[in-house]
Every structure is written in C-alpha cells, then in structure tokens.
Amino acid sequence: MPLKLTRRHSSPHWYLRGSIRGLRIDESTGLSDRKAAQECLALREAELVTQSIHGTRAIKTFADAAVSYLESGGEAEHLTPLIDFFGVTKLAHIDADLIDRAVKKFSRTATGKAKAPATLNRQIHTPIAAVLHHAAHKGWCAKPVIARPKQPNGRVRSVTRQEAERLITAAAPHLRPLVVFLLSTGARLSEALYLDWRDVDLKAGRVAFHETKNGESRGVPLHPRVISELKKLGVATEGAVFRRPDGQPYADRHGLGGGQVKTAWATMLKRAGIKDFTPHDCRHTWATWHYAGNRDMLGLMRLGGWKSHEMVARYAHVNPDDLAPSIQGFWGKSGGAATKNAKKPTIFKEVA
C-alpha cells in the first residue's frame, strides 16, 4: 500500500501511513499544511525506496547519529555547532574533505584568533569521531578514519614528593582520596572517576581497570596508603568508588571527565601554591617516580597500559641519573677545567 496522508482527531498534523517495498510506516509529518505535508510524503517515499535497496546505512544522517549518540549518554559539549554544520548530511557522504571544511569553519575564535591544534582536536575532531564511531557500531556507516591535526610534543609535567604532599593536604575531603589514588596508580582521570568497587580488591591490594583508553584491561597493585584512603570512603560491593561532594557518582562522559573536578582541583592548586598541574599530570608524576625508582621500562609499560616503547621512553629521558657515571670523567678527577697535563677522559678517543 503506497504512502498516504491521513488526519488524526487529536492532532493538527498530517500523518504518513502505508508501506513502500515492504517497509511500513505510520508517523507524523509535524506539519499542518497539506501542501508541505505532501512534499514531505514524496521525500519520505524516495528515502524508503533507497533504504529498501541499499539498507538503513544509506539513509542515516549525521543528525540521526548525533541524536542516537546523545541518547546513549554521549558527551554533548562542542556537538551543537557540528550538528548545525552537518545537519541531514548522509553519513555515507561525510568524508575527509567535508570534515576539513568543518575544521576550517570553526578554526577561529569569535575574535578571529586561530585556535591551537589541541583545541581543534578537542572541539571538532573528537566529537565528530565520537558520533561516527557510534554510528559505525550501530552499522550505519563504515568505521571512520579521521586525520587529526599534528599535536606538539607531549609534555611531561611532574611534581616532587614534597609538592605532592602539599597537594594532598590542600585537597578538599572528597578530592583527597582521588589525588592519592591518581599519584599512586598512574590511572587516567576517567579510569578513576568511573571505577567501580567490583574492580577493587583491598584484601589482595589491587585494582583492575576495564574501561581504558586503548581498550585493554590492566591491573595495578595498590600501595598501603591508597588502601587506607579507600577504606575511609566506606567500602561497598559495587557502585562508584569516587563521588562528588553530594555523594552522587560522577556522570559518565565517555572518558571526558576533567571538567567534573575542575573547580575543586583549581582550589587545591591555589591552596598548595602549585601552578600548571592537571589531573593527567598525576599520571606523568607516577610514571616519573616509578622509572626513577625502578629503571624498569617494560614494567612501567605494563602497569601504565602503554603500547609503545616511545610513549614510555620520555620518562627515561627526564630521569638520566643512571647515566651519571658516564659523565663524571668529563673534567677529570679535579672537577675543574681540564689542564694541559690533566688525564684525558677515557670516553674520548684520539683521532689519528
């Protein structure tokens, strides 16, 4: 039965009812004007024909995917302008060129200043990728491959143990256990915020992270100090370990949890007299301490969940103390500038 326009007693809008190639629908046009509703009917018929031939993925749009992503609990921040930009563009038509056009459109601030690559990545590439990956998971499009802007070399910001103690002392009561946990386990903030008591074994002294950045679970032993802090929270059999001041768990923002502790974190830094230190820097601090104390790069890779040697090597680069003996002979035993008769360092060779 072809589609036709019908009225319902309780609604001023026209409805579409009928079937096309075995696909049956009964839905509102949202329109009260018959002529406009008739145009809607024609477009819907064409869409259903396409769907019947090529499948659902041929008709799903970015807006469809974005709505589904948000309904599943996806992060809404930065998504609205992208929905306006892509609108009803079919997912199959979103390619690298169109994404580049979106980047160009939103590449400057309201005052005309160019946004940094990290900002473009956070505000454009990441939400686009999140929506398209969600759509791919539902079978609406192929898994996307999105080229992100080149980022500057990752920073390695860490604090000393004395500075860490100042941070812990200055932290609000609800934040203190989280800070100790981050500094002691190398957990990413999102891994900690969404940690469930089911994945914590205080008796065995270990924690398991299942929702990780690289998709692979890993376990980390717990220092006695962490166990002590966690016991103060009131151990449960399930539910969120770390909670907001009102006792409620942090909202699941698909790994984008930094903003949820922003105010408390800034207050802690101010009280401690420490600047430019983010929650993720706790992970850098943990890795720096771990390598300095153990010189075990493979162990650090395993505990931190890094897949590449390069990601861990930077912590070795900022901890060169094990190489100190190779430098000591540079100026001879006197420690001053080399004299004419001073013995040449053995690390240098005469060139014939």
# chains A, B, ... in the order shown; residues from 1 in each chain; ligands from 1
call {"tool": "residues_around", "arguments": {"residues": "His280 of chain A", "least_positions_apart": "5", "cutoff": "10 Å", "atoms": "only C-alpha atoms", "output": "PyMOL selection string"}}
result
chain A and resi 156-158+182-183+186-190+258+285
call {"tool": "write_last_selection", "arguments": {"atoms": "N, CA, C and O atoms", "output": "PDB file, in the first residue's frame"}}
result
ATOM      1  N   VAL A 156      55.691  16.525  29.759  1.00  0.00           N
ATOM      2  CA  VAL A 156      55.858  15.655  30.909  1.00  0.00           C
ATOM      3  C   VAL A 156      56.013  16.567  32.119  1.00  0.00           C
ATOM      4  O   VAL A 156      57.098  17.035  32.432  1.00  0.00           O
ATOM      5  N   ARG A 157      54.906  16.829  32.782  1.00  0.00           N
ATOM      6  CA  ARG A 157      54.892  17.706  33.955  1.00  0.00           C
ATOM      7  C   ARG A 157      54.699  16.831  35.181  1.00  0.00           C
ATOM      8  O   ARG A 157      53.723  16.068  35.275  1.00  0.00           O
ATOM      9  N   SER A 158      55.625  16.914  36.096  1.00  0.00           N
ATOM     10  CA  SER A 158      55.502  16.128  37.319  1.00  0.00           C
ATOM     11  C   SER A 158      55.837  17.004  38.512  1.00  0.00           C
ATOM     12  O   SER A 158      56.404  18.090  38.360  1.00  0.00           O
ATOM     13  N   LEU A 182      45.387   8.746  42.127  1.00  0.00           N
ATOM     14  CA  LEU A 182      45.995   9.076  40.841  1.00  0.00           C
ATOM     15  C   LEU A 182      47.513   9.058  40.920  1.00  0.00           C
ATOM     16  O   LEU A 182      48.197   8.541  40.026  1.00  0.00           O
ATOM     17  N   LEU A 183      48.060   9.633  41.977  1.00  0.00           N
ATOM     18  CA  LEU A 183      49.513   9.692  42.136  1.00  0.00           C
ATOM     19  C   LEU A 183      50.131   8.323  42.419  1.00  0.00           C
ATOM     20  O   LEU A 183      51.309   8.107  42.155  1.00  0.00           O
ATOM     21  N   GLY A 186      48.838   5.771  38.669  1.00  0.00           N
ATOM     22  CA  GLY A 186      49.031   6.164  37.278  1.00  0.00           C
ATOM     23  C   GLY A 186      47.758   6.080  36.468  1.00  0.00           C
ATOM     24  O   GLY A 186      47.787   6.085  35.234  1.00  0.00           O
ATOM     25  N   ALA A 187      46.623   6.007  37.147  1.00  0.00           N
ATOM     26  CA  ALA A 187      45.350   5.913  36.437  1.00  0.00           C
ATOM     27  C   ALA A 187      45.037   7.215  35.708  1.00  0.00           C
ATOM     28  O   ALA A 187      45.385   8.296  36.170  1.00  0.00           O
ATOM     29  N   ARG A 188      44.410   7.095  34.558  1.00  0.00           N
ATOM     30  CA  ARG A 188      43.856   8.273  33.903  1.00  0.00           C
ATOM     31  C   ARG A 188      42.659   8.735  34.721  1.00  0.00           C
ATOM     32  O   ARG A 188      42.012   7.942  35.412  1.00  0.00           O
ATOM     33  N   LEU A 189      42.343  10.019  34.626  1.00  0.00           N
ATOM     34  CA  LEU A 189      41.253  10.549  35.446  1.00  0.00           C
ATOM     35  C   LEU A 189      39.944   9.827  35.158  1.00  0.00           C
ATOM     36  O   LEU A 189      39.204   9.491  36.084  1.00  0.00           O
ATOM     37  N   SER A 190      39.659   9.575  33.891  1.00  0.00           N
ATOM     38  CA  SER A 190      38.400   8.902  33.557  1.00  0.00           C
ATOM     39  C   SER A 190      38.354   7.493  34.138  1.00  0.00           C
ATOM     40  O   SER A 190      37.303   7.025  34.582  1.00  0.00           O
ATOM     41  N   GLY A 258      37.515  15.512  32.920  1.00  0.00           N
ATOM     42  CA  GLY A 258      38.297  16.542  33.569  1.00  0.00           C
ATOM     43  C   GLY A 258      37.493  17.684  34.140  1.00  0.00           C
ATOM     44  O   GLY A 258      37.799  18.201  35.225  1.00  0.00           O
ATOM     45  N   THR A 285      53.520  12.135  36.805  1.00  0.00           N
ATOM     46  CA  THR A 285      54.287  12.104  38.056  1.00  0.00           C
ATOM     47  C   THR A 285      54.520  10.673  38.505  1.00  0.00           C
ATOM     48  O   THR A 285      55.640  10.280  38.868  1.00  0.00           O
TER      49      THR A 285
END
call {"tool": "residues_around", "arguments": {"residues": "Leu230 of chain A", "least_positions_apart": "4", "cutoff": "12 Å", "atoms": "only C-alpha atoms", "output": "short mmCIF file (atom, residue, chain, number, x, y, z; two decimals) with all heavy atoms, in the first residue's frame"}}
result
data_model
loop_
_atom_site.label_atom_id
_atom_site.label_comp_id
_atom_site.auth_asym_id
_atom_site.auth_seq_id
_atom_site.Cartn_x
_atom_site.Cartn_y
_atom_site.Cartn_z
N HIS A 174 36.55 15.33 49.61
CA HIS A 174 36.11 14.38 48.59
C HIS A 174 37.16 14.17 47.51
O HIS A 174 37.15 13.17 46.79
CB HIS A 174 34.80 14.85 47.94
CG HIS A 174 34.98 15.96 46.95
ND1 HIS A 174 35.21 17.27 47.34
CD2 HIS A 174 34.98 15.96 45.59
CE1 HIS A 174 35.33 18.04 46.25
NE2 HIS A 174 35.20 17.27 45.20
N LEU A 175 38.10 15.14 47.39
CA LEU A 175 39.11 15.07 46.34
C LEU A 175 40.38 14.35 46.80
O LEU A 175 41.09 13.74 45.99
CB LEU A 175 39.46 16.48 45.87
CG LEU A 175 40.37 16.61 44.63
CD1 LEU A 175 39.68 16.01 43.40
CD2 LEU A 175 40.72 18.08 44.39
N ARG A 176 40.65 14.42 48.09
CA ARG A 176 41.90 13.86 48.63
C ARG A 176 42.13 12.40 48.24
O ARG A 176 43.21 12.05 47.73
CB ARG A 176 41.92 14.02 50.15
CG ARG A 176 43.14 13.39 50.81
CD ARG A 176 43.01 13.40 52.33
NE ARG A 176 44.05 12.59 52.95
CZ ARG A 176 45.16 13.08 53.51
NH1 ARG A 176 45.36 14.38 53.52
NH2 ARG A 176 46.05 12.28 54.06
N PRO A 177 41.16 11.49 48.46
CA PRO A 177 41.40 10.09 48.08
C PRO A 177 41.69 9.93 46.59
O PRO A 177 42.50 9.09 46.21
CB PRO A 177 40.10 9.39 48.47
CG PRO A 177 39.47 10.29 49.48
CD PRO A 177 39.83 11.67 49.06
N LEU A 178 41.03 10.75 45.77
CA LEU A 178 41.24 10.67 44.33
C LEU A 178 42.67 11.09 43.97
O LEU A 178 43.32 10.44 43.14
CB LEU A 178 40.23 11.57 43.61
CG LEU A 178 40.36 11.66 42.08
CD1 LEU A 178 40.17 10.29 41.44
CD2 LEU A 178 39.35 12.65 41.52
N VAL A 179 43.17 12.15 44.59
CA VAL A 179 44.52 12.63 44.31
C VAL A 179 45.55 11.57 44.71
O VAL A 179 46.49 11.27 43.96
CB VAL A 179 44.81 13.95 45.05
CG1 VAL A 179 46.25 14.38 44.85
CG2 VAL A 179 43.86 15.04 44.55
N VAL A 180 45.39 10.99 45.90
CA VAL A 180 46.30 9.94 46.35
C VAL A 180 46.26 8.75 45.38
O VAL A 180 47.29 8.17 45.03
CB VAL A 180 45.94 9.47 47.77
CG1 VAL A 180 46.79 8.27 48.18
CG2 VAL A 180 46.13 10.61 48.77
N PHE A 181 45.06 8.41 44.93
CA PHE A 181 44.88 7.29 44.01
C PHE A 181 45.58 7.55 42.68
O PHE A 181 46.29 6.68 42.16
CB PHE A 181 43.38 7.05 43.79
CG PHE A 181 43.06 5.84 42.96
CD1 PHE A 181 42.98 4.59 43.53
CD2 PHE A 181 42.84 5.97 41.59
CE1 PHE A 181 42.68 3.47 42.77
CE2 PHE A 181 42.54 4.86 40.81
CZ PHE A 181 42.46 3.60 41.40
N LEU A 195 35.56 4.24 38.18
CA LEU A 195 35.95 2.97 38.79
C LEU A 195 34.83 2.45 39.68
O LEU A 195 34.23 3.19 40.45
CB LEU A 195 37.23 3.18 39.61
CG LEU A 195 37.80 1.94 40.31
CD1 LEU A 195 38.29 0.93 39.28
CD2 LEU A 195 38.94 2.35 41.24
N TRP A 197 33.48 -0.39 42.63
CA TRP A 197 34.01 -1.18 43.74
C TRP A 197 34.21 -2.65 43.37
O TRP A 197 35.02 -3.35 43.97
CB TRP A 197 33.09 -1.08 44.95
CG TRP A 197 33.27 0.16 45.78
CD1 TRP A 197 32.38 1.18 45.94
CD2 TRP A 197 34.43 0.51 46.56
NE1 TRP A 197 32.90 2.16 46.77
CE2 TRP A 197 34.16 1.77 47.17
CE3 TRP A 197 35.66 -0.10 46.80
CZ2 TRP A 197 35.08 2.40 48.00
CZ3 TRP A 197 36.57 0.52 47.63
CH2 TRP A 197 36.29 1.76 48.21
N VAL A 200 37.80 -3.39 42.62
CA VAL A 200 38.79 -3.07 43.65
C VAL A 200 38.84 -4.22 44.65
O VAL A 200 37.83 -4.63 45.20
CB VAL A 200 38.43 -1.76 44.38
CG1 VAL A 200 39.46 -1.46 45.46
CG2 VAL A 200 38.34 -0.60 43.39
N ASP A 201 40.04 -4.73 44.88
CA ASP A 201 40.23 -5.81 45.85
C ASP A 201 41.21 -5.30 46.90
O ASP A 201 42.43 -5.39 46.74
CB ASP A 201 40.78 -7.05 45.16
CG ASP A 201 40.81 -8.28 46.09
OD1 ASP A 201 40.82 -8.08 47.32
OD2 ASP A 201 40.85 -9.40 45.57
N LEU A 202 40.68 -4.75 47.98
CA LEU A 202 41.54 -4.18 49.03
C LEU A 202 42.30 -5.27 49.79
O LEU A 202 43.43 -5.04 50.23
CB LEU A 202 40.70 -3.36 50.00
CG LEU A 202 40.03 -2.10 49.41
CD1 LEU A 202 39.29 -1.35 50.50
CD2 LEU A 202 41.05 -1.20 48.74
N LYS A 203 41.71 -6.42 49.91
CA LYS A 203 42.37 -7.50 50.64
C LYS A 203 43.61 -7.97 49.88
O LYS A 203 44.67 -8.20 50.48
CB LYS A 203 41.40 -8.67 50.84
CG LYS A 203 41.96 -9.78 51.71
CD LYS A 203 40.91 -10.85 51.97
CE LYS A 203 41.47 -11.94 52.89
NZ LYS A 203 40.45 -12.99 53.16
N GLY A 205 44.98 -6.14 47.58
CA GLY A 205 45.77 -4.95 47.30
C GLY A 205 45.96 -4.69 45.83
O GLY A 205 47.09 -4.44 45.38
N ARG A 206 44.88 -4.71 45.06
CA ARG A 206 44.99 -4.44 43.63
C ARG A 206 43.69 -3.87 43.09
O ARG A 206 42.63 -3.99 43.70
CB ARG A 206 45.37 -5.71 42.87
CG ARG A 206 44.36 -6.84 42.98
CD ARG A 206 44.72 -7.99 42.04
NE ARG A 206 43.81 -9.13 42.21
CZ ARG A 206 44.08 -10.20 42.91
NH1 ARG A 206 45.26 -10.30 43.53
NH2 ARG A 206 43.20 -11.18 43.02
N VAL A 207 43.81 -3.25 41.91
CA VAL A 207 42.66 -2.68 41.23
C VAL A 207 42.73 -3.06 39.77
O VAL A 207 43.82 -3.23 39.20
CB VAL A 207 42.65 -1.13 41.38
CG1 VAL A 207 43.89 -0.52 40.73
CG2 VAL A 207 41.39 -0.52 40.78
N LEU A 222 48.03 -1.91 44.65
CA LEU A 222 47.71 -0.73 45.44
C LEU A 222 48.70 -0.56 46.59
O LEU A 222 48.97 -1.51 47.34
CB LEU A 222 46.29 -0.83 46.00
CG LEU A 222 45.16 -0.81 44.98
CD1 LEU A 222 43.82 -1.01 45.69
CD2 LEU A 222 45.15 0.49 44.20
N HIS A 223 49.21 0.64 46.71
CA HIS A 223 50.10 0.98 47.83
C HIS A 223 49.26 1.02 49.11
O HIS A 223 48.08 1.37 49.09
CB HIS A 223 50.74 2.34 47.57
CG HIS A 223 51.79 2.72 48.55
ND1 HIS A 223 51.49 3.32 49.76
CD2 HIS A 223 53.15 2.60 48.51
CE1 HIS A 223 52.61 3.55 50.42
NE2 HIS A 223 53.64 3.13 49.68
N PRO A 224 49.83 0.65 50.25
CA PRO A 224 49.08 0.70 51.52
C PRO A 224 48.43 2.05 51.78
O PRO A 224 47.34 2.11 52.38
CB PRO A 224 50.16 0.39 52.56
CG PRO A 224 51.14 -0.48 51.82
CD PRO A 224 51.18 0.07 50.43
N ARG A 225 49.07 3.13 51.35
CA ARG A 225 48.47 4.44 51.58
C ARG A 225 47.17 4.59 50.80
O ARG A 225 46.21 5.19 51.28
CB ARG A 225 49.45 5.54 51.17
CG ARG A 225 48.93 6.94 51.49
CD ARG A 225 49.99 7.98 51.26
NE ARG A 225 49.54 9.31 51.68
CZ ARG A 225 50.28 10.40 51.59
NH1 ARG A 225 51.52 10.33 51.11
NH2 ARG A 225 49.82 11.57 52.00
N VAL A 226 47.12 4.04 49.60
CA VAL A 226 45.89 4.09 48.80
C VAL A 226 44.81 3.26 49.47
O VAL A 226 43.65 3.68 49.56
CB VAL A 226 46.14 3.58 47.37
CG1 VAL A 226 44.86 3.66 46.54
CG2 VAL A 226 47.24 4.38 46.70
N GLY A 234 34.32 4.13 52.73
CA GLY A 234 33.21 3.24 53.03
C GLY A 234 33.11 2.19 51.95
O GLY A 234 32.43 2.39 50.94
N VAL A 235 33.81 1.11 52.11
CA VAL A 235 33.89 0.09 51.08
C VAL A 235 32.53 -0.53 50.79
O VAL A 235 31.79 -0.89 51.71
CB VAL A 235 34.89 -1.01 51.49
CG1 VAL A 235 34.99 -2.08 50.40
CG2 VAL A 235 36.26 -0.40 51.77
N ALA A 236 32.21 -0.65 49.50
CA ALA A 236 30.95 -1.27 49.08
C ALA A 236 31.26 -2.43 48.14
O ALA A 236 32.39 -2.63 47.71
CB ALA A 236 30.07 -0.23 48.38
N ALA A 240 30.07 3.35 42.27
CA ALA A 240 31.23 4.21 42.03
C ALA A 240 32.09 4.34 43.28
O ALA A 240 31.58 4.54 44.38
CB ALA A 240 30.76 5.58 41.56
N VAL A 241 33.40 4.27 43.11
CA VAL A 241 34.32 4.42 44.23
C VAL A 241 34.44 5.89 44.61
O VAL A 241 34.24 6.26 45.77
CB VAL A 241 35.71 3.85 43.86
CG1 VAL A 241 36.72 4.14 44.99
CG2 VAL A 241 35.62 2.36 43.59
N PHE A 242 34.75 6.72 43.63
CA PHE A 242 34.93 8.15 43.89
C PHE A 242 33.65 8.89 43.53
O PHE A 242 33.03 8.64 42.49
CB PHE A 242 36.10 8.69 43.07
CG PHE A 242 37.40 8.01 43.40
CD1 PHE A 242 37.94 7.06 42.54
CD2 PHE A 242 38.07 8.31 44.58
CE1 PHE A 242 39.13 6.42 42.86
CE2 PHE A 242 39.26 7.67 44.91
CZ PHE A 242 39.78 6.72 44.04
N ARG A 243 33.25 9.82 44.41
CA ARG A 243 31.97 10.51 44.24
C ARG A 243 32.10 12.01 44.44
O ARG A 243 33.07 12.49 45.02
CB ARG A 243 30.93 9.93 45.20
CG ARG A 243 30.60 8.47 44.90
CD ARG A 243 29.72 7.84 45.95
NE ARG A 243 29.38 6.47 45.59
CZ ARG A 243 28.27 6.10 44.95
NH1 ARG A 243 27.38 7.02 44.60
NH2 ARG A 243 28.06 4.83 44.65
#
call {"tool": "closest_residue", "arguments": {"among": "A:Pro127, A:Gly87, A:Gly239, A:Gly18", "to": "Phe62 of chain A", "atoms": "only C-alpha atoms"}}
result
A:Gly87
call {"tool": "atom_distance", "arguments": {"atom1": "atom CA of Gly73 of chain A", "atom2": "atom CA of His210 of chain A"}}
result
18.5 Å
call {"tool": "residues_around", "arguments": {"residues": "Lys104 of chain A", "least_positions_apart": "2", "cutoff": "12 Å", "atoms": "only C-alpha atoms", "output": "list in words"}}
result
Phe85, Asp97, Leu98, Ile99, Asp100, Arg101, Ala102, Phe106, Ser107, Arg108, Thr109, Ala114, Lys115, Pro117, Leu120, Ile124, His125 and Pro149 of chain A
call {"tool": "closest_residue", "arguments": {"among": "A:Arg302, A:Arg198, A:His309, A:His134", "to": "Ser217 of chain A", "atoms": "only C-alpha atoms"}}
result
A:Arg302
call {"tool": "select_by_dssp", "arguments": {"residues": "segment 73-303 of chain A", "states": "strand (DSSP E)", "output": "PyMOL selection string"}}
result
chain A and resi 200-201+206-209+218-221
call {"tool": "closest_residue", "arguments": {"among": "A:Pro245, A:Pro173, A:Pro144, A:Pro12", "to": "Ser28 of chain A", "atoms": "only C-alpha atoms"}}
result
A:Pro12
call {"tool": "residues_around", "arguments": {"residues": "Val261 of chain A", "least_positions_apart": "5", "cutoff": "9 Å", "atoms": "only C-alpha atoms", "output": "list of chain:residue names"}}
result
A:Leu175, A:Arg244, A:Ala266, A:Pro279
call {"tool": "write_last_selection", "arguments": {"atoms": "C-alpha atoms", "output": "CSV table (one decimal), in the first residue's frame"}}
result
chain,number,residue,atom,x,y,z
A,175,LEU,CA,39.1,15.1,46.3
A,244,ARG,CA,31.0,14.2,44.1
A,266,ALA,CA,41.9,24.7,40.9
A,279,PRO,CA,44.9,15.7,36.8
call {"tool": "atom_distance", "arguments": {"atom1": "atom CA of Thr169 of chain A", "atom2": "atom CA of Arg283 of chain A"}}
result
18.8 Å
call {"tool": "closest_residue", "arguments": {"among": "A:Ile128, A:Glu45, A:Ala142, A:Thr111", "to": "Phe86 of chain A", "atoms": "only C-alpha atoms"}}
result
A:Ile128
call {"tool": "atom_distance", "arguments": {"atom1": "atom CA of Cys40 of chain A", "atom2": "atom CA of Arg17 of chain A"}}
result
12.3 Å
call {"tool": "decode", "arguments": {"residues": "segment 223-280 of chain A", "atoms": "C-alpha atoms", "output": "mmCIF file, in the first residue's frame"}}
result
data_model
loop_
_atom_site.group_PDB
_atom_site.id
_atom_site.type_symbol
_atom_site.label_atom_id
_atom_site.label_comp_id
_atom_site.auth_asym_id
_atom_site.auth_seq_id
_atom_site.Cartn_x
_atom_site.Cartn_y
_atom_site.Cartn_z
ATOM 1 C CA HIS A 223 50.097 0.977 47.827
ATOM 2 C CA PRO A 224 49.082 0.697 51.517
ATOM 3 C CA ARG A 225 48.474 4.440 51.575
ATOM 4 C CA VAL A 226 45.893 4.095 48.803
ATOM 5 C CA ILE A 227 44.203 1.207 50.579
ATOM 6 C CA SER A 228 43.970 3.332 53.718
ATOM 7 C CA GLU A 229 42.380 6.219 51.807
ATOM 8 C CA LEU A 230 39.903 3.939 50.029
ATOM 9 C CA LYS A 231 38.793 2.337 53.299
ATOM 10 C CA LYS A 232 37.832 5.783 54.559
ATOM 11 C CA LEU A 233 35.327 6.078 51.696
ATOM 12 C CA GLY A 234 33.215 3.238 53.034
ATOM 13 C CA VAL A 235 33.895 0.089 51.076
ATOM 14 C CA ALA A 236 30.948 -1.269 49.080
ATOM 15 C CA THR A 237 30.434 -4.331 46.901
ATOM 16 C CA GLU A 238 29.505 -2.266 43.867
ATOM 17 C CA GLY A 239 28.933 1.276 42.701
ATOM 18 C CA ALA A 240 31.229 4.212 42.030
ATOM 19 C CA VAL A 241 34.323 4.420 44.225
ATOM 20 C CA PHE A 242 34.930 8.148 43.892
ATOM 21 C CA ARG A 243 31.974 10.507 44.240
ATOM 22 C CA ARG A 244 31.041 14.153 44.119
ATOM 23 C CA PRO A 245 30.670 16.214 47.317
ATOM 24 C CA ASP A 246 26.930 15.443 47.317
ATOM 25 C CA GLY A 247 27.660 11.721 47.372
ATOM 26 C CA GLN A 248 26.488 11.113 43.827
ATOM 27 C CA PRO A 249 28.725 9.320 41.295
ATOM 28 C CA TYR A 250 30.352 11.318 38.535
ATOM 29 C CA ALA A 251 28.372 11.293 35.297
ATOM 30 C CA ASP A 252 29.636 9.011 32.544
ATOM 31 C CA ARG A 253 31.010 11.452 29.978
ATOM 32 C CA HIS A 254 32.733 8.807 27.821
ATOM 33 C CA GLY A 255 36.192 9.472 29.145
ATOM 34 C CA LEU A 256 35.951 13.264 29.191
ATOM 35 C CA GLY A 257 35.873 13.707 32.930
ATOM 36 C CA GLY A 258 38.297 16.542 33.569
ATOM 37 C CA GLY A 259 35.661 19.237 33.890
ATOM 38 C CA GLN A 260 33.925 17.399 36.702
ATOM 39 C CA VAL A 261 36.715 18.114 39.191
ATOM 40 C CA LYS A 262 37.848 21.412 37.660
ATOM 41 C CA THR A 263 36.737 23.728 40.465
ATOM 42 C CA ALA A 264 37.960 21.552 43.338
ATOM 43 C CA TRP A 265 41.228 20.944 41.504
ATOM 44 C CA ALA A 266 41.858 24.659 40.924
ATOM 45 C CA THR A 267 41.148 25.386 44.596
ATOM 46 C CA MET A 268 43.615 22.692 45.656
ATOM 47 C CA LEU A 269 46.372 24.110 43.425
ATOM 48 C CA LYS A 270 45.822 27.596 44.799
ATOM 49 C CA ARG A 271 45.992 26.394 48.400
ATOM 50 C CA ALA A 272 49.113 24.341 47.685
ATOM 51 C CA GLY A 273 50.831 27.157 45.819
ATOM 52 C CA ILE A 274 51.376 24.999 42.735
ATOM 53 C CA LYS A 275 50.655 26.132 39.182
ATOM 54 C CA ASP A 276 50.165 24.406 35.844
ATOM 55 C CA PHE A 277 49.397 20.928 37.148
ATOM 56 C CA THR A 278 46.481 18.977 35.671
ATOM 57 C CA PRO A 279 44.852 15.710 36.800
ATOM 58 C CA HIS A 280 46.614 13.932 33.936
#
